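Each remark here refers to the structure printed beneath this line.
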Amino acid sequence: MLIGGHVSPAGGLPNAHARGVERRCEAIQVFHQSPRAWRPTRHKDEDIERFNELMADGPIRSIVIHAVYLINCASKEREIREKSLASLVHALRLGDAIDADGVVLHPGSQKGEPLDECLPRIGEALRHALGESERCPLLLENTAGMTGTIGRSFGELADLIERAGGDGRLGLCLDCCHLLASGFDVRTAGGLAGVIDDCVAQIGFDRLGALHVNDSRVGLGANRDLHADLPDGELDREGLAAFLSEPRFEGLPALLEVPGPEGRGPDAGQIRIAKQLRADGLAARR
């Protein structure tokens, strides 16, 4: 498992790498453009080249891109749909350029529409984006189950993968905070194992591509997406240690999206805690 966190790419991708190294990350995640604007970031060729050189030399061994939250592949509004498709293609093409291990995407939101009308639009959007890019995996993230959000269950995620053609580049990013909030009891190693058994049965082991590691400010089945620092939430030490030491997650990038000090995201302290929780979980499994 490669433990790391979400970092800012402000000033260019090489700066994102430096921030990851400063935090003792083994993996990093970045947004491909500003999360508050539709305008794509035009990364300089020299920045991409330098970033790739840095990644080749270590110590960071994985880069994941998070598609911005503005994207809604379920939308039927022409402007939102066109901007969503353009942004998602931009993320995947950047992923191709920097050899990313995936682009993480929140599948979409119903916005008051029936689910059966939204699902085909998402499938079409995923097909389009994959067709406009070459290699980078597209990883659908499970949601916390808030009203209207799509992807709260493994059944919904499997359905989206099928509607998108079952492409081998389609995969899954599992968020432990979202699992708990959407009703999956992953607070113990045994509970987590059963949930992952179900995930593998419905989606497949080979489609597990990345992890988001966050504690939760709300309890089981609360259907709210409220992250907490490690281990200050409802998952607590036992649940987080179990998630970070699950044998089937070995080799995956495990990325923190916690609030961190003053709301600035994961720092070296949170990365250190995650690594200790993993060690605790591995010791408990012996």
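In the structure tokens, chains take letters A, B, ... by order of appearance, with residues numbered from 1 within each chain and ligands from 1 in the order shown.
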
Which polymer residues have any atom within 9 Å of an atom of range 265-280 of chain A, counting only C-alpha atoms, with same-chain residues fewer than 6 positions away left out, as a PyMOL selection string? chain A and resi 3-7+20+22-25+213+229-231+237-238+240-245+256-259

Got a sec: who's within 7 Å of Ser84 in chain A, counting only C-alpha atoms, leaving out chain neighbours fewer than 4 positions off, as a PyMOL selection string? chain A and resi 71-73+80+88

Just C-alpha atoms for this one: save the residues we selected as a PDB file, in the first residue's frame.
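The resulting result.pdb:
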ATOM      1  CA  ILE A  71     -18.573  17.570 -13.171  1.00  0.00           C
ATOM      2  CA  ASN A  72     -22.009  15.948 -13.331  1.00  0.00           C
ATOM      3  CA  CYS A  73     -22.143  13.219 -15.946  1.00  0.00           C
ATOM      4  CA  ILE A  80     -23.336  21.429 -17.839  1.00  0.00           C
ATOM      5  CA  LEU A  88     -13.337  14.782 -17.739  1.00  0.00           C
TER       6      LEU A  88
END

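Minimum atom-to-atom distances from A:Met1, A:Ala74, A:Leu220, A:Cys173 to Glu246 in chain A were compared using only C-alpha atoms, and the lowest value belongs to A:Met1.
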
Env of Gly112 in chain A: 12 Å cut, atoms = only C-alpha atoms, seq-sep filter 6 positions within chain, self excluded. Answer as a PyMOL selection string. chain A and resi 74-76+118+147-150

Between A:Ile196, A:Ala144, A:Ile48, A:Val68, smallest distance to Arg36 in chain A by only C-alpha atoms belongs to A:Val68

Please provide the set of residues having any atom within 7 Å of His66 in chain A, restricted to only C-alpha atoms, with same-chain residues fewer than 4 positions apart removed, written as a ChimeraX atom specification. /A:29-32,103-105

Can you list, as a PyMOL selection string, every protein, DNA or RNA residue that comes within 12 Å of Val186 in chain A when you count only C-alpha atoms, leaving out same-chain residues fewer than 2 positions away? chain A and resi 174-184+188-196+215-216+219-221+234-244+246

For a test of reading the model, state the distance in Å between CA of Glu82 in chain A and CA of Ala158 in chain A, rounded to one decimal. 24.6 Å

Range 56-251 of chain A: residues DSSP assigns to strand (DSSP E), reported as a PDB file with N, CA and C atoms, in the first residue's frame:
ATOM      1  N   SER A  62       3.258   6.927  -6.937  1.00  0.00           N
ATOM      2  CA  SER A  62       1.941   6.895  -7.575  1.00  0.00           C
ATOM      3  C   SER A  62       1.356   8.298  -7.600  1.00  0.00           C
ATOM      4  N   ILE A  63       0.716   8.645  -8.722  1.00  0.00           N
ATOM      5  CA  ILE A  63      -0.020   9.896  -8.862  1.00  0.00           C
ATOM      6  C   ILE A  63      -1.431   9.563  -9.312  1.00  0.00           C
ATOM      7  N   VAL A  64      -2.412  10.140  -8.627  1.00  0.00           N
ATOM      8  CA  VAL A  64      -3.824   9.984  -8.966  1.00  0.00           C
ATOM      9  C   VAL A  64      -4.406  11.377  -9.163  1.00  0.00           C
ATOM     10  N   ILE A  65      -5.276  11.524 -10.138  1.00  0.00           N
ATOM     11  CA  ILE A  65      -5.940  12.793 -10.409  1.00  0.00           C
ATOM     12  C   ILE A  65      -7.386  12.688  -9.921  1.00  0.00           C
ATOM     13  N   HIS A  66      -7.840  13.718  -9.226  1.00  0.00           N
ATOM     14  CA  HIS A  66      -9.249  13.758  -8.838  1.00  0.00           C
ATOM     15  C   HIS A  66      -9.975  14.722  -9.770  1.00  0.00           C
ATOM     16  N   VAL A 103      -7.932   8.481 -12.824  1.00  0.00           N
ATOM     17  CA  VAL A 103      -8.706   9.694 -12.572  1.00  0.00           C
ATOM     18  C   VAL A 103      -9.914   9.271 -11.751  1.00  0.00           C
ATOM     19  N   VAL A 104     -10.041   9.836 -10.559  1.00  0.00           N
ATOM     20  CA  VAL A 104     -11.164   9.517  -9.667  1.00  0.00           C
ATOM     21  C   VAL A 104     -12.325  10.443  -9.994  1.00  0.00           C
ATOM     22  N   LEU A 105     -13.514   9.848 -10.144  1.00  0.00           N
ATOM     23  CA  LEU A 105     -14.700  10.607 -10.555  1.00  0.00           C
ATOM     24  C   LEU A 105     -15.883  10.277  -9.664  1.00  0.00           C
ATOM     25  N   GLY A 108     -22.046  11.216 -10.434  1.00  0.00           N
ATOM     26  CA  GLY A 108     -23.033  12.215 -10.814  1.00  0.00           C
ATOM     27  C   GLY A 108     -24.136  12.348  -9.794  1.00  0.00           C
ATOM     28  N   SER A 109     -25.051  13.283 -10.061  1.00  0.00           N
ATOM     29  CA  SER A 109     -26.171  13.548  -9.160  1.00  0.00           C
ATOM     30  C   SER A 109     -27.456  13.663  -9.954  1.00  0.00           C
ATOM     31  N   LEU A 138     -10.107   5.160 -15.363  1.00  0.00           N
ATOM     32  CA  LEU A 138     -11.148   6.029 -14.835  1.00  0.00           C
ATOM     33  C   LEU A 138     -11.782   5.307 -13.654  1.00  0.00           C
ATOM     34  N   LEU A 139     -11.636   5.866 -12.463  1.00  0.00           N
ATOM     35  CA  LEU A 139     -12.027   5.194 -11.232  1.00  0.00           C
ATOM     36  C   LEU A 139     -13.263   5.873 -10.634  1.00  0.00           C
ATOM     37  N   LEU A 140     -14.357   5.150 -10.573  1.00  0.00           N
ATOM     38  CA  LEU A 140     -15.591   5.682  -9.997  1.00  0.00           C
ATOM     39  C   LEU A 140     -15.527   5.575  -8.476  1.00  0.00           C
ATOM     40  N   GLU A 141     -15.838   6.664  -7.806  1.00  0.00           N
ATOM     41  CA  GLU A 141     -15.773   6.689  -6.345  1.00  0.00           C
ATOM     42  C   GLU A 141     -17.147   6.417  -5.745  1.00  0.00           C
ATOM     43  N   THR A 149     -27.211  11.606  -4.964  1.00  0.00           N
ATOM     44  CA  THR A 149     -25.907  11.189  -5.463  1.00  0.00           C
ATOM     45  C   THR A 149     -25.975   9.752  -5.980  1.00  0.00           C
ATOM     46  N   ILE A 150     -25.220   9.474  -7.019  1.00  0.00           N
ATOM     47  CA  ILE A 150     -25.245   8.166  -7.686  1.00  0.00           C
ATOM     48  C   ILE A 150     -23.912   7.462  -7.414  1.00  0.00           C
ATOM     49  N   LEU A 170     -11.992   0.977 -16.738  1.00  0.00           N
ATOM     50  CA  LEU A 170     -12.934   1.407 -15.712  1.00  0.00           C
ATOM     51  C   LEU A 170     -12.666   0.673 -14.412  1.00  0.00           C
ATOM     52  N   GLY A 171     -12.618   1.436 -13.323  1.00  0.00           N
ATOM     53  CA  GLY A 171     -12.346   0.824 -12.041  1.00  0.00           C
ATOM     54  C   GLY A 171     -13.055   1.546 -10.919  1.00  0.00           C
ATOM     55  N   LEU A 172     -12.541   1.337  -9.706  1.00  0.00           N
ATOM     56  CA  LEU A 172     -13.217   1.798  -8.500  1.00  0.00           C
ATOM     57  C   LEU A 172     -12.208   2.429  -7.552  1.00  0.00           C
ATOM     58  N   CYS A 173     -12.602   3.547  -6.954  1.00  0.00           N
ATOM     59  CA  CYS A 173     -11.887   4.137  -5.835  1.00  0.00           C
ATOM     60  C   CYS A 173     -12.789   4.028  -4.615  1.00  0.00           C
ATOM     61  N   LEU A 174     -12.326   3.310  -3.593  1.00  0.00           N
ATOM     62  CA  LEU A 174     -13.123   3.102  -2.386  1.00  0.00           C
ATOM     63  C   LEU A 174     -12.742   4.112  -1.313  1.00  0.00           C
ATOM     64  N   ASP A 175     -13.741   4.807  -0.781  1.00  0.00           N
ATOM     65  CA  ASP A 175     -13.551   5.767   0.295  1.00  0.00           C
ATOM     66  C   ASP A 175     -14.160   5.177   1.565  1.00  0.00           C
ATOM     67  N   LEU A 208     -10.337  -2.731  -8.531  1.00  0.00           N
ATOM     68  CA  LEU A 208      -9.941  -1.892  -7.402  1.00  0.00           C
ATOM     69  C   LEU A 208      -8.676  -1.129  -7.780  1.00  0.00           C
ATOM     70  N   GLY A 209      -8.791   0.210  -7.868  1.00  0.00           N
ATOM     71  CA  GLY A 209      -7.669   0.985  -8.381  1.00  0.00           C
ATOM     72  C   GLY A 209      -7.057   1.970  -7.411  1.00  0.00           C
ATOM     73  N   ALA A 210      -7.817   2.451  -6.419  1.00  0.00           N
ATOM     74  CA  ALA A 210      -7.295   3.433  -5.470  1.00  0.00           C
ATOM     75  C   ALA A 210      -8.198   3.466  -4.248  1.00  0.00           C
ATOM     76  N   LEU A 211      -7.680   4.090  -3.182  1.00  0.00           N
ATOM     77  CA  LEU A 211      -8.401   4.209  -1.916  1.00  0.00           C
ATOM     78  C   LEU A 211      -8.362   5.656  -1.452  1.00  0.00           C
ATOM     79  N   HIS A 212      -9.452   6.078  -0.817  1.00  0.00           N
ATOM     80  CA  HIS A 212      -9.465   7.338  -0.087  1.00  0.00           C
ATOM     81  C   HIS A 212      -9.601   7.013   1.396  1.00  0.00           C
ATOM     82  N   VAL A 213      -8.699   7.548   2.189  1.00  0.00           N
ATOM     83  CA  VAL A 213      -8.647   7.234   3.618  1.00  0.00           C
ATOM     84  C   VAL A 213      -9.035   8.481   4.406  1.00  0.00           C
ATOM     85  N   ASP A 215     -11.389   9.633   8.105  1.00  0.00           N
ATOM     86  CA  ASP A 215     -12.322   9.297   9.175  1.00  0.00           C
ATOM     87  C   ASP A 215     -13.620  10.063   8.921  1.00  0.00           C
ATOM     88  N   SER A 216     -14.667   9.687   9.662  1.00  0.00           N
ATOM     89  CA  SER A 216     -15.992  10.246   9.403  1.00  0.00           C
ATOM     90  C   SER A 216     -16.540  10.964  10.631  1.00  0.00           C
ATOM     91  N   HIS A 227     -15.841  14.559   6.372  1.00  0.00           N
ATOM     92  CA  HIS A 227     -14.562  13.942   6.698  1.00  0.00           C
ATOM     93  C   HIS A 227     -14.032  14.448   8.031  1.00  0.00           C
ATOM     94  N   ALA A 228     -13.275  13.587   8.694  1.00  0.00           N
ATOM     95  CA  ALA A 228     -12.590  13.948   9.931  1.00  0.00           C
ATOM     96  C   ALA A 228     -11.138  13.529   9.830  1.00  0.00           C
TER      97      ALA A 228
END
